[in-house]
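Engineer: Can you keep this structure in mind? I'll have questions shortly.
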Amino acid sequence: MRQIGRKIKAKKNEMRPELSMKKLPTEKRAFISEKQKWLNDMLLDAAEKNMLKRAERLLKIGADVNAKNKDGWTPLMEAAWENHAEMCSLLIENGANIGATNEKGGDAFGNAAFNGSTEVCELLIEKGADVNSKGKGIFMGWTALMHAAQNGKSKTCRLLIEKGADLDEMNEAGNFKGRAIDHAEKWQKFKTAEFLERMESVQKLTGKESLGEFVSSFRECTQ
């Protein structure tokens, strides 16, 4: 019975990569680590450049879907920044962490909102991103709506409001603290500020709970 127990334990250990790696010679461990880094770097590059077929192959042969570069960016962050919706979908299907943050505290959702990647924002929300989630680090308290407003992305602001973004949230970090409309005004994104001002007026009539539904039913043309 003891021998059977030892055999079962040995088989379990064989299934645990971290234990198997410890038994390998130092040179072989270094080779495997270098190969993994190469795969991860290739996936980060493929995500940024929207090379779907290459990304699929890399994921199949062991690239880490949540690998990070020196700045803490994951493949999903790269794809979201570049508005590669199909790439984002592929990465999420393969286990990409939507809520992962980089060295500065930013995430894929914030990246997509800042660059006006409306399609990616909608995808991330569908896949579980909280429309009012807040950044960390230097982006402490920043919501996706603030990022979009700061860069004058009115269409993205509209989508986020439709999905329930809170106009009254304020960021906690940075030299300037304020609501989404305040950030739009500070960075002289006046058309976006005007749009948000109209949304605030509508919110006074509909109430915060009904604002998103109202905006969704009344799509006005914004840039």
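Convention: chains lettered A, B, ... in structure tokens order; per-chain residue numbering from 1; ligands numbered from 1 as shown.
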Find the spatial neighbours of Gly99 of chain A, counting only C-alpha atoms, within a cut-off of 9 Å - ignore same-chain residues fewer than 2 positions away - and output them as a PyMOL selection string.

Structural biologist: chain A and resi 96-97+101+107-109+129

Engineer: Take the residues just selected and output them with N, CA and C atoms as an mmCIF file, in the first residue's frame.

Structural biologist:
```
data_model
loop_
_atom_site.group_PDB
_atom_site.id
_atom_site.type_symbol
_atom_site.label_atom_id
_atom_site.label_comp_id
_atom_site.auth_asym_id
_atom_site.auth_seq_id
_atom_site.Cartn_x
_atom_site.Cartn_y
_atom_site.Cartn_z
ATOM 1 N N ALA A 96 -7.791 35.995 -20.785
ATOM 2 C CA ALA A 96 -7.195 37.286 -20.429
ATOM 3 C C ALA A 96 -7.931 37.903 -19.249
ATOM 4 N N ASN A 97 -7.172 38.451 -18.322
ATOM 5 C CA ASN A 97 -7.727 39.095 -17.125
ATOM 6 C C ASN A 97 -8.120 40.528 -17.466
ATOM 7 N N THR A 101 -3.906 45.343 -14.046
ATOM 8 C CA THR A 101 -3.410 46.715 -14.109
ATOM 9 C C THR A 101 -1.922 46.736 -14.430
ATOM 10 N N ASP A 107 -5.610 50.141 -16.886
ATOM 11 C CA ASP A 107 -6.088 48.831 -17.321
ATOM 12 C C ASP A 107 -6.605 48.898 -18.759
ATOM 13 N N ALA A 108 -7.043 47.766 -19.282
ATOM 14 C CA ALA A 108 -7.508 47.689 -20.666
ATOM 15 C C ALA A 108 -8.733 48.573 -20.889
ATOM 16 N N PHE A 109 -9.633 48.613 -19.932
ATOM 17 C CA PHE A 109 -10.859 49.398 -20.057
ATOM 18 C C PHE A 109 -10.531 50.890 -20.181
ATOM 19 N N ALA A 129 -16.643 43.709 -17.458
ATOM 20 C CA ALA A 129 -16.022 44.909 -16.887
ATOM 21 C C ALA A 129 -17.082 45.794 -16.245
#
```

Engineer: Skip Glu103 of chain A itself and residues of its chain fewer than 6 positions away, then list as a list of chain:residue names all residues within 10 Å of it, counting only C-alpha atoms.

Structural biologist: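 Within the cut-off, the hits are A:Lys68, A:Asn69, A:Lys70, A:Asp71, A:Gly72, A:Trp73, A:Lys136, A:Gly137, A:Ile138.
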
Engineer: Leaving out segment 160-171 of chain A and any residue of its chain fewer than 5 positions from it, which residues lie within 10 Å of it when counting only C-alpha atoms, given as a PDB file with C-alpha atoms, in the first residue's frame?

Structural biologist:
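Just written: around.pdb:
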```pdb
ATOM      1  CA  ALA A 113     -11.950  54.621 -23.271  1.00  0.00           C
ATOM      2  CA  THR A 118     -16.014  52.346 -28.349  1.00  0.00           C
ATOM      3  CA  CYS A 121     -15.377  49.275 -24.401  1.00  0.00           C
ATOM      4  CA  GLU A 122     -18.688  47.636 -25.286  1.00  0.00           C
ATOM      5  CA  ILE A 125     -18.545  45.550 -20.531  1.00  0.00           C
ATOM      6  CA  GLU A 126     -20.260  42.542 -22.122  1.00  0.00           C
ATOM      7  CA  ASP A 130     -17.679  47.248 -14.366  1.00  0.00           C
ATOM      8  CA  VAL A 131     -18.541  50.473 -16.209  1.00  0.00           C
ATOM      9  CA  ASN A 132     -17.770  52.412 -13.012  1.00  0.00           C
ATOM     10  CA  SER A 133     -14.623  50.527 -12.046  1.00  0.00           C
ATOM     11  CA  LYS A 134     -11.828  52.776 -10.778  1.00  0.00           C
ATOM     12  CA  GLY A 135      -8.148  52.779 -11.657  1.00  0.00           C
ATOM     13  CA  PHE A 139      -5.103  56.624 -11.922  1.00  0.00           C
ATOM     14  CA  MET A 140      -6.652  56.128  -8.492  1.00  0.00           C
ATOM     15  CA  GLY A 141     -10.371  56.789  -8.727  1.00  0.00           C
ATOM     16  CA  TRP A 142     -10.321  57.341 -12.491  1.00  0.00           C
ATOM     17  CA  THR A 143     -13.269  55.803 -14.349  1.00  0.00           C
ATOM     18  CA  ALA A 144     -13.495  54.951 -18.037  1.00  0.00           C
ATOM     19  CA  LEU A 145     -15.827  57.930 -18.502  1.00  0.00           C
ATOM     20  CA  MET A 146     -13.162  60.292 -17.165  1.00  0.00           C
ATOM     21  CA  ALA A 148     -12.882  59.270 -22.524  1.00  0.00           C
ATOM     22  CA  SER A 154     -17.864  61.896 -27.058  1.00  0.00           C
ATOM     23  CA  LYS A 155     -19.138  58.724 -28.735  1.00  0.00           C
ATOM     24  CA  PHE A 176      -6.434  67.731 -10.943  1.00  0.00           C
ATOM     25  CA  LYS A 177      -9.435  66.150  -9.273  1.00  0.00           C
ATOM     26  CA  GLY A 178     -12.905  66.348 -10.717  1.00  0.00           C
ATOM     27  CA  ARG A 179     -15.784  64.710 -12.545  1.00  0.00           C
ATOM     28  CA  ALA A 180     -15.726  63.632 -16.183  1.00  0.00           C
ATOM     29  CA  ILE A 181     -17.052  67.016 -17.362  1.00  0.00           C
ATOM     30  CA  ASP A 182     -14.341  68.808 -15.357  1.00  0.00           C
ATOM     31  CA  HIS A 183     -11.627  66.795 -17.101  1.00  0.00           C
ATOM     32  CA  LEU A 196     -21.711  65.918 -20.780  1.00  0.00           C
ATOM     33  CA  GLU A 197     -23.393  69.135 -19.654  1.00  0.00           C
ATOM     34  CA  MET A 199     -26.346  64.694 -20.028  1.00  0.00           C
ATOM     35  CA  GLU A 200     -26.258  66.297 -16.591  1.00  0.00           C
ATOM     36  CA  GLN A 203     -30.126  63.407 -15.507  1.00  0.00           C
ATOM     37  CA  LYS A 208     -29.555  58.910 -12.294  1.00  0.00           C
ATOM     38  CA  GLU A 209     -31.099  55.449 -12.530  1.00  0.00           C
ATOM     39  CA  SER A 210     -32.926  56.183 -15.808  1.00  0.00           C
ATOM     40  CA  LEU A 211     -30.276  58.255 -17.595  1.00  0.00           C
ATOM     41  CA  GLY A 212     -28.635  55.348 -19.408  1.00  0.00           C
ATOM     42  CA  GLU A 213     -31.926  54.014 -20.703  1.00  0.00           C
ATOM     43  CA  PHE A 214     -32.952  57.464 -21.940  1.00  0.00           C
ATOM     44  CA  VAL A 215     -29.656  58.056 -23.767  1.00  0.00           C
ATOM     45  CA  SER A 216     -29.858  54.630 -25.345  1.00  0.00           C
ATOM     46  CA  SER A 217     -33.302  55.381 -26.745  1.00  0.00           C
ATOM     47  CA  ARG A 219     -29.052  58.486 -29.872  1.00  0.00           C
TER      48      ARG A 219
END
```

Engineer: Which polymer residues have any atom within 8 Å of an atom of segment 37-42 of chain A, counting only C-alpha atoms, with same-chain residues fewer than 2 positions away left out, as a ChimeraX atom specification?

Structural biologist: /A:33-35,44-46,58,62-65,67-69

Engineer: Can you list, as a VMD selection string, every protein, DNA or RNA residue that comes within 12 Å of Cys88 of chain A when you count only C-alpha atoms, leaving out same-chain residues fewer than 5 positions away?

Structural biologist: chain A and resid 44 46 to 52 55 to 56 65 74 to 83 93 to 98 108 to 109 112 117 119 to 124 127

Engineer: What does the distance from atom CA of Trp187 of chain A to atom CA of Gln150 of chain A come to in Å, to one decimal?

Structural biologist: 6.2 Å

Engineer: Rounded to one decimal in Å, what is the spacing between atom CA of Glu185 of chain A and atom CA of Ala149 of chain A?

Structural biologist: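 For atom CA of Glu185 of chain A relative to atom CA of Ala149 of chain A, the distance reads 8.7 Å.
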
Engineer: Compare A:Ile92, A:Arg54, A:Glu172, A:Met87 by their minimum atom-to-atom distance to Asn66 of chain A, counting only C-alpha atoms, and give me the closest one.

Structural biologist: A:Ile92

Engineer: Provide the atom CA of Lys189 of chain A to atom CA of Phe114 of chain A distance in Å, to one decimal place.

Structural biologist: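 Pair atom CA of Lys189 of chain A / atom CA of Phe114 of chain A returns 12.7 Å.
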
Engineer: Which is closest to Lys60 of chain A among A:Leu91, A:Ala100, A:Ala85, A:Ala184, if we use only C-alpha atoms?

Structural biologist: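 Checking each of A:Leu91, A:Ala100, A:Ala85, A:Ala184 against Lys60 of chain A, counting only C-alpha atoms, the winner is A:Leu91.
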
Engineer: Could you write out, as a PyMOL selection string, all the residues of segment 169-220 of chain A that DSSP marks as helix (DSSP H, G or I)?

Structural biologist: chain A and resi 180-186+190-206+208-217
